[in-house]
$ cat query_18.txt   # compact mmCIF, C-alpha atoms
# COMPACT_ATOMS: atom_id res chain seq x y z
CA MET A 1 -26.20 -202.85 43.53
CA LYS A 2 -26.24 -205.40 46.32
CA LYS A 3 -27.63 -204.21 49.62
CA THR A 4 -25.37 -204.67 52.61
CA PHE A 5 -26.74 -205.85 55.91
CA THR A 6 -25.65 -204.91 59.40
CA PHE A 7 -25.46 -206.59 62.76
CA ASN A 8 -28.73 -204.82 63.61
CA ASP A 9 -30.43 -206.45 60.61
CA LEU A 10 -29.29 -209.85 61.85
CA ILE A 11 -30.67 -209.16 65.32
CA LEU A 12 -34.01 -208.19 63.80
CA LEU A 13 -33.98 -211.34 61.66
CA ALA A 14 -33.18 -213.53 64.66
CA TYR A 15 -36.14 -212.04 66.52
CA LYS A 16 -38.40 -212.34 63.45
CA GLU A 17 -38.92 -208.58 63.32
CA THR A 18 -38.04 -208.19 59.62
CA ASP A 19 -40.77 -207.97 56.99
CA ALA A 20 -41.09 -210.70 54.34
CA ASN A 21 -39.09 -208.78 51.75
CA SER A 22 -36.19 -207.97 54.07
CA THR A 23 -36.18 -211.52 55.41
CA GLU A 24 -35.76 -212.92 51.92
CA GLN A 25 -33.01 -210.43 51.07
CA ILE A 26 -31.07 -211.16 54.25
CA LEU A 27 -31.43 -214.93 53.83
CA ASN A 28 -30.08 -214.61 50.28
CA ALA A 29 -27.19 -212.52 51.53
CA LEU A 30 -26.42 -215.13 54.19
CA THR A 31 -25.98 -217.79 51.51
CA GLU A 32 -23.47 -215.60 49.65
CA ASN A 33 -21.55 -213.97 52.47
CA GLU A 34 -19.67 -216.27 54.80
CA GLU A 35 -18.73 -213.51 57.23
CA LEU A 36 -22.34 -212.41 57.53
CA LEU A 37 -23.40 -216.02 58.08
CA GLU A 38 -20.79 -216.44 60.79
CA THR A 39 -22.05 -213.30 62.52
CA TYR A 40 -25.61 -214.57 62.28
CA PHE A 41 -24.57 -217.88 63.83
CA TYR A 42 -22.93 -215.96 66.64
CA VAL A 43 -26.09 -213.90 67.24
CA THR A 44 -28.36 -216.96 67.31
CA GLU A 45 -25.92 -218.88 69.50
CA MET A 46 -25.81 -216.10 72.09
CA LEU A 47 -29.59 -215.80 72.03
CA SER A 48 -29.99 -219.55 72.50
CA LYS A 49 -27.74 -219.32 75.58
CA LEU A 50 -30.06 -216.67 76.97
CA ASP A 51 -32.98 -219.01 76.24
CA GLU A 52 -31.55 -221.51 78.66
CA ILE A 53 -32.08 -219.13 81.54
CA GLN A 54 -35.54 -220.08 82.69
CA GLU A 55 -37.14 -220.30 86.05
CA GLU A 56 -40.65 -220.74 87.31
CA PRO A 57 -42.59 -219.64 90.35
CA SER A 58 -43.48 -222.08 93.13
CA ASP A 59 -46.77 -223.98 93.11
CA PHE A 60 -47.61 -222.10 96.31
CA THR A 61 -47.56 -218.77 94.48
CA ILE A 62 -49.56 -220.13 91.54
CA ASN A 63 -52.15 -221.53 93.95
CA ASN A 64 -52.41 -218.19 95.76
CA ILE A 65 -53.23 -216.49 92.47
CA LEU A 66 -55.74 -219.16 91.47
CA ASN A 67 -57.40 -219.02 94.89
CA TYR A 68 -57.74 -215.26 94.54
CA SER A 69 -59.33 -215.76 91.15
CA LYS A 70 -61.71 -218.38 92.54
CA ALA A 71 -62.71 -216.04 95.34
CA LEU A 72 -63.58 -213.38 92.79
CA ASN A 73 -65.79 -215.87 90.98
CA ILE A 74 -67.55 -216.94 94.16
CA PHE A 75 -68.23 -213.49 95.57
CA ASN A 76 -70.13 -210.88 93.70
CA LEU A 77 -67.87 -207.90 93.26
CA ASP A 78 -68.46 -204.38 92.13
CA LYS A 79 -66.22 -202.59 89.66
CA ASP A 80 -63.78 -201.70 92.44
CA LEU A 81 -63.65 -205.36 93.49
CA ASN A 82 -65.44 -204.76 96.76
CA VAL A 83 -67.74 -207.57 97.87
CA ASN A 84 -71.38 -206.74 97.15
CA PHE A 85 -73.09 -208.35 100.18
CA GLU A 86 -76.55 -207.14 99.24
CA VAL A 87 -76.53 -209.16 96.04
CA ILE A 88 -75.11 -212.20 97.85
CA ASN A 89 -77.77 -212.01 100.59
CA ASN A 90 -80.52 -211.75 98.03
CA MET B 1 -61.81 -228.39 79.54
CA ASN B 2 -58.49 -228.63 77.68
CA HIS B 3 -57.31 -225.16 76.71
CA GLN B 4 -53.78 -226.00 75.62
CA GLN B 5 -54.30 -224.91 72.01
CA THR B 6 -56.74 -222.09 72.70
CA ALA B 7 -55.63 -218.59 71.70
CA ASP B 8 -54.93 -216.03 74.42
CA GLN B 9 -57.80 -213.75 73.47
CA GLU B 10 -60.26 -216.62 73.51
CA LEU B 11 -59.04 -217.67 76.96
CA ILE B 12 -59.45 -214.10 78.17
CA ASN B 13 -63.02 -213.98 76.87
CA LEU B 14 -63.79 -217.35 78.50
CA TYR B 15 -62.32 -216.17 81.79
CA ILE B 16 -64.28 -212.94 81.79
CA SER B 17 -67.44 -214.95 81.15
CA GLY B 18 -66.76 -217.13 84.19
CA ASP B 19 -64.52 -220.01 83.10
CA HIS B 20 -61.98 -220.08 85.92
CA SER B 21 -59.75 -222.70 84.29
CA SER B 22 -58.90 -220.28 81.46
CA ILE B 23 -56.77 -218.07 83.70
CA GLU B 24 -54.92 -221.13 84.94
CA THR B 25 -54.01 -221.98 81.34
CA LEU B 26 -52.80 -218.44 80.70
CA ILE B 27 -50.71 -218.39 83.87
CA LYS B 28 -49.16 -221.76 83.13
CA ARG B 29 -48.50 -220.73 79.53
CA TYR B 30 -46.48 -217.67 80.50
CA LYS B 31 -45.30 -218.26 84.07
CA LYS B 32 -41.70 -219.04 83.10
CA LYS B 33 -41.29 -215.99 80.91
CA VAL B 34 -42.86 -213.61 83.41
CA PHE B 35 -41.12 -215.09 86.42
CA THR B 36 -37.69 -215.26 84.75
CA TYR B 37 -38.00 -211.62 83.74
CA ILE B 38 -38.89 -210.55 87.28
CA TYR B 39 -36.26 -212.75 88.88
CA LEU B 40 -33.43 -211.57 86.65
CA ASN B 41 -34.31 -208.01 87.58
CA VAL B 42 -34.72 -208.34 91.34
CA LYS B 43 -32.31 -211.25 91.94
CA ASP B 44 -34.23 -212.42 94.95
CA ARG B 45 -36.48 -215.42 94.69
CA HIS B 46 -38.90 -214.51 97.48
CA LEU B 47 -39.33 -211.00 96.17
CA ALA B 48 -39.77 -212.37 92.65
CA GLU B 49 -42.53 -214.69 93.92
CA ASP B 50 -44.30 -211.70 95.51
CA LEU B 51 -44.00 -209.54 92.42
CA PHE B 52 -45.13 -212.41 90.20
CA GLN B 53 -48.19 -212.84 92.40
CA ASP B 54 -48.91 -209.10 92.38
CA THR B 55 -48.59 -209.07 88.59
CA PHE B 56 -51.24 -211.73 88.07
CA ILE B 57 -53.51 -210.34 90.78
CA LYS B 58 -53.45 -207.09 88.81
CA VAL B 59 -54.09 -209.01 85.59
CA ILE B 60 -57.08 -210.75 87.16
CA LYS B 61 -58.48 -207.52 88.60
CA THR B 62 -58.17 -205.77 85.25
CA LEU B 63 -59.82 -208.64 83.38
CA LYS B 64 -62.63 -209.00 85.90
CA THR B 65 -63.43 -205.30 85.95
CA GLY B 66 -63.68 -205.24 82.15
CA CYS B 67 -60.80 -202.82 81.80
CA TYR B 68 -58.64 -205.03 79.59
CA ASN B 69 -58.28 -203.69 76.09
CA ASP B 70 -55.00 -204.65 74.62
CA GLU B 71 -56.01 -205.97 71.22
CA GLY B 72 -54.93 -209.53 71.82
CA LYS B 73 -51.39 -208.78 72.94
CA PHE B 74 -51.71 -210.49 76.28
CA LEU B 75 -48.09 -211.35 77.09
CA PRO B 76 -46.60 -207.89 76.33
CA TRP B 77 -49.35 -206.40 78.49
CA VAL B 78 -48.56 -208.75 81.38
CA MET B 79 -44.86 -208.00 80.94
CA ARG B 80 -45.53 -204.27 81.14
CA ILE B 81 -47.38 -204.81 84.42
CA ALA B 82 -44.48 -206.91 85.74
CA HIS B 83 -41.96 -204.34 84.55
CA ASN B 84 -43.84 -201.49 86.26
CA LEU B 85 -44.09 -203.45 89.51
CA VAL B 86 -40.34 -204.10 89.43
CA ILE B 87 -39.68 -200.39 88.84
CA ASP B 88 -42.11 -199.48 91.66
CA HIS B 89 -40.32 -201.85 93.97
CA PHE B 90 -36.94 -200.24 93.29
CA ARG B 91 -38.41 -196.78 93.66
CA LYS B 92 -39.95 -197.65 97.02
CA SER B 93 -36.91 -199.45 98.34
CA LYS B 94 -34.60 -196.81 96.86
CA ARG B 95 -32.04 -199.36 95.95
CA ILE B 96 -30.69 -200.92 92.82
CA PRO B 97 -30.47 -204.66 92.26
CA VAL B 98 -27.42 -206.39 93.68
CA ILE B 99 -25.51 -209.29 92.26
CA GLY B 100 -26.72 -212.21 94.31
CA ASN B 101 -24.04 -214.69 95.19
CA SER B 102 -25.21 -215.68 98.61
CA ASP B 103 -26.68 -218.81 100.10
CA GLU B 104 -30.15 -217.89 98.93
CA TYR B 105 -32.06 -220.09 96.55
CA ASP B 106 -30.58 -219.70 93.11
CA ILE B 107 -32.43 -219.47 89.81
CA PHE B 108 -30.23 -222.03 88.16
CA ASP B 109 -30.43 -224.58 90.92
CA THR B 110 -33.82 -225.81 89.87
CA ILE B 111 -33.52 -225.95 86.12
CA LYS B 112 -34.68 -229.37 85.15
CA MET B 113 -32.03 -231.61 83.72
CA TYR B 114 -33.28 -235.05 84.66
CA ASP B 115 -32.29 -236.66 81.37
CA GLU B 116 -28.72 -235.57 81.50
CA CYS B 117 -25.86 -237.34 83.15
CA ILE B 118 -24.43 -235.84 86.31
CA GLU B 119 -21.36 -234.47 84.58
CA ASP B 120 -23.47 -232.76 81.93
CA LYS B 121 -25.67 -231.39 84.70
CA MET B 122 -22.71 -229.84 86.44
CA ILE B 123 -21.42 -228.31 83.23
CA THR B 124 -24.88 -226.98 82.35
CA GLU B 125 -25.24 -225.47 85.81
CA GLN B 126 -21.87 -223.81 85.42
CA ILE B 127 -22.87 -222.41 82.01
CA HIS B 128 -26.07 -220.97 83.49
CA ARG B 129 -24.14 -219.37 86.32
CA ASP B 130 -21.65 -217.96 83.82
CA VAL B 131 -24.36 -216.51 81.56
CA LYS B 132 -26.03 -214.92 84.58
CA LYS B 133 -22.73 -213.41 85.74
CA LEU B 134 -22.01 -212.12 82.25
CA LEU B 135 -25.40 -210.40 82.13
CA ASP B 136 -24.63 -208.74 85.45
CA LEU B 137 -21.40 -207.34 84.01
CA LEU B 138 -23.16 -205.53 81.16
CA PRO B 139 -23.92 -201.81 81.43
CA ASP B 140 -27.46 -201.16 82.71
CA ASP B 141 -28.88 -199.96 79.39
CA GLN B 142 -27.58 -203.03 77.56
CA ARG B 143 -28.79 -205.46 80.21
CA GLU B 144 -32.17 -203.73 80.20
CA VAL B 145 -32.63 -204.16 76.47
CA ILE B 146 -31.76 -207.86 76.73
CA PHE B 147 -34.28 -208.31 79.52
CA MET B 148 -36.96 -206.44 77.63
CA ARG B 149 -36.39 -208.02 74.23
CA HIS B 150 -35.37 -211.51 75.15
CA PHE B 151 -37.20 -212.22 78.37
CA ALA B 152 -40.16 -209.84 78.17
CA ASP B 153 -40.78 -210.47 74.46
CA MET B 154 -41.12 -206.78 73.72
CA SER B 155 -40.40 -205.68 70.15
CA PHE B 156 -37.63 -203.15 69.54
CA LYS B 157 -40.36 -200.64 68.73
CA GLU B 158 -42.00 -201.23 72.12
CA ILE B 159 -38.64 -201.05 73.89
CA ALA B 160 -37.89 -197.77 72.14
CA GLU B 161 -41.23 -196.34 73.30
CA GLN B 162 -40.82 -197.61 76.86
CA THR B 163 -37.28 -196.31 77.27
CA ASN B 164 -37.75 -193.08 75.32
CA VAL B 165 -35.07 -193.80 72.74
CA SER B 166 -35.13 -194.45 69.00
CA ILE B 167 -35.45 -197.98 67.61
CA ASN B 168 -31.90 -197.67 66.31
CA THR B 169 -30.63 -196.83 69.79
CA ALA B 170 -32.46 -199.83 71.27
CA LEU B 171 -31.01 -202.03 68.53
CA GLY B 172 -27.57 -200.53 69.07
CA ARG B 173 -27.74 -201.38 72.76
CA MET B 174 -28.66 -204.95 71.90
CA ARG B 175 -25.79 -205.10 69.41
CA TYR B 176 -23.29 -203.84 71.99
CA ALA B 177 -24.73 -206.21 74.59
CA LEU B 178 -24.10 -209.20 72.31
CA ILE B 179 -20.66 -207.92 71.32
CA ASN B 180 -19.76 -207.32 74.97
CA LEU B 181 -21.01 -210.75 75.94
CA ARG B 182 -18.69 -212.23 73.32
CA LYS B 183 -15.78 -210.13 74.62
CA LEU B 184 -16.49 -211.18 78.19
CA VAL B 185 -16.66 -214.84 77.17
CA LYS B 186 -13.21 -214.51 75.60
CA GLU B 187 -11.72 -212.44 78.41
CA LYS B 188 -12.89 -214.81 81.09
CA GLU B 189 -12.24 -217.86 78.94
CA ILE B 190 -15.74 -219.12 79.53
CA ILE B 191 -17.00 -222.05 77.50
CA LEU B 192 -20.72 -221.72 76.85
CA SER B 193 -21.41 -225.18 75.51
CA LEU B 194 -21.32 -228.78 76.66

$ encode --input "query_18.txt" --output "structure tokens"
Amino acid sequence: MKKTFTFNDLILLAYKETDANSTEQILNALTENEELLETYFYVTEMLSKLDEIQEEPSDFTINNILNYSKALNIFNLDKDLNVNFEVINN
Amino acid sequence: MNHQQTADQELINLYISGDHSSIETLIKRYKKKVFTYIYLNVKDRHLAEDLFQDTFIKVIKTLKTGCYNDEGKFLPWVMRIAHNLVIDHFRKSKRIPVIGNSDEYDIFDTIKMYDECIEDKMITEQIHRDVKKLLDLLPDDQREVIFMRHFADMSFKEIAEQTNVSINTALGRMRYALINLRKLVKEKEIILSL
């Protein structure tokens, strides 16, 4: 008996969350079932639209983070990230 | 040192051992995903910048104090930190996100489209605005699952754990979100392609 696949299965496939066996079964079903294929196209199309929404932080923010990281490297810090002046002075 | 192809875990190890450039590679690798996730939640660019900065400061502190132990899943870990900071922000401010349609800087204004003609640019900008508006029209639980799965790269299993629902419920919310998006596209006669 042929297994039927649901919208949820197609979402999992689109996000590569199906195991190898399920992936193969769904891909086979897609070649035989036009309605399922159409639904899959719809899912991937909507997801690709979401992909287009992308933004990035300003260089100023990135530099702030990197400067903080540099400061940690320069100063000797204890486990609570307090500056250990004794070690620096020595 | 060129780290472009270096795996996350290796970069983390290098950073912990003193290679400052490794954290820069990690930040640049994931800045769009993390920032987009935060921005879509808070809908305020300045606040998103602050929360993004707080997220990576926390990442750096955790790495430098040797407390990182996430078995190589760097991005989901960073996303959890970002998610928690967003939640903390809303708890502290005691308000829910609003739909931003003001004069403030808009997420879609800066999407790079240099290679496209002006007309295509305008259409693309309109599509982005439409997708954003459609997301805002979804019920909270459906929008949340889209943010977590699509923008935060969390698996449905992780989403289920984080939101205290079953995997099937998380999947169901995603299914309804996609179905509702399709309905909204039809209702509002929106064209989501060039």

$ closest_atom_pairs --input "query_18.txt" --of "chain B" --to "chain A" --cutoff "7 Å" --atoms "all atoms listed in the file" --output "tab-separated table"
residue	atom	partner	partner_atom	distance
B:Gly18	CA	A:Asn73	CA	7.0
B:His20	CA	A:Lys70	CA	6.8
B:Glu24	CA	A:Leu66	CA	6.9
B:Lys31	CA	A:Glu56	CA	6.2
B:Lys32	CA	A:Glu56	CA	4.7
B:Phe35	CA	A:Glu56	CA	5.7
B:Thr36	CA	A:Glu55	CA	5.2
B:Glu49	CA	A:Pro57	CA	6.1
B:Gln53	CA	A:Ile65	CA	6.2
B:Phe56	CA	A:Ile65	CA	6.8
B:Ile57	CA	A:Ile65	CA	6.4
B:Ile60	CA	A:Ser69	CA	6.8
B:Thr65	CA	A:Lys79	CA	5.4
B:Ile107	CA	A:Glu55	CA	6.1
B:Ile111	CA	A:Glu55	CA	6.7
B:His128	CA	A:Ile53	CA	6.6
B:Leu171	CA	A:Asn8	CA	6.1
B:Arg175	CA	A:Asn8	CA	6.5

$ atom_distance --input "query_18.txt" --atom1 "CA of Asp141 (chain B)" --atom2 "CA of Tyr37 (chain B)"
15.4 Å

$ closest_residue --input "query_18.txt" --among "B:Lys133, B:Lys43, B:Gly66, B:Thr6" --to "Thr25 (chain B)" --atoms "all atoms listed in the file"
B:Thr6

$ closest_residue --input "query_18.txt" --among "B:Asp140, B:Asn69, B:Arg80, B:Ala152" --to "Tyr30 (chain B)" --atoms "all atoms listed in the file"
B:Ala152

$ atom_distance --input "query_18.txt" --atom1 "CA of Asp88 (chain B)" --atom2 "CA of Leu47 (chain B)"
12.7 Å

$ atom_distance --input "query_18.txt" --atom1 "CA of Leu138 (chain B)" --atom2 "CA of Arg182 (chain B)"
11.2 Å

$ residues_around --input "query_18.txt" --residues "Leu27 (chain A)" --least-positions-apart "6" --cutoff "12 Å" --atoms "all atoms listed in the file" --output "list in words"
Thr4, Phe5, Asp9, Leu10, Leu13, Ala14, Thr18, Ala20, Asn21, Asn33, Glu34, Leu36, Leu37 and Tyr40 of chain A

$ residues_near_point --input "query_18.txt" --point "(-47.3, -209.3, 77.8)" --cutoff "9 Å" --atoms "only C-alpha atoms" --output "ChimeraX atom specification"
/B:30,34,73-82,152-154

$ axis_aligned_box --input "query_18.txt" --around "region 22-35 of chain B" --padding-each-side "5 Å" --output "JSON"
{"center_x": -50.0, "center_y": -217.8, "center_z": 83.0, "size_x": 27.8, "size_y": 18.4, "size_z": 16.9}

$ closest_residue --input "query_18.txt" --among "B:Ile27, B:Leu40, B:Leu63, B:Leu11" --to "His83 (chain B)" --atoms "all atoms listed in the file"
B:Leu40

$ residues_around --input "query_18.txt" --residues "Leu135 (chain B)" --least-positions-apart "6" --cutoff "9 Å" --atoms "all atoms listed in the file" --output "JSON, numbers by chain"
{"B": [142, 143, 146, 177, 181]}

$ write_last_selection --input "query_18.txt" --atoms "C-alpha atoms" --output "compact mmCIF listing (two decimals), in the coordinates of the input"
# COMPACT_ATOMS: atom_id res chain seq x y z
CA GLN B 142 -27.58 -203.03 77.56
CA ARG B 143 -28.79 -205.46 80.21
CA ILE B 146 -31.76 -207.86 76.73
CA ALA B 177 -24.73 -206.21 74.59
CA LEU B 181 -21.01 -210.75 75.94

$ residues_around --input "query_18.txt" --residues "Ala170 (chain B)" --least-positions-apart "5" --cutoff "7 Å" --atoms "all atoms listed in the file" --output "list in words"
Val145, Phe156, Ile159, Ala160 and Val165 of chain B

$ closest_residue --input "query_18.txt" --among "B:Leu51, B:Leu178, B:Val131, B:Ile23" --to "Thr39 (chain A)" --atoms "all atoms listed in the file"
B:Leu178
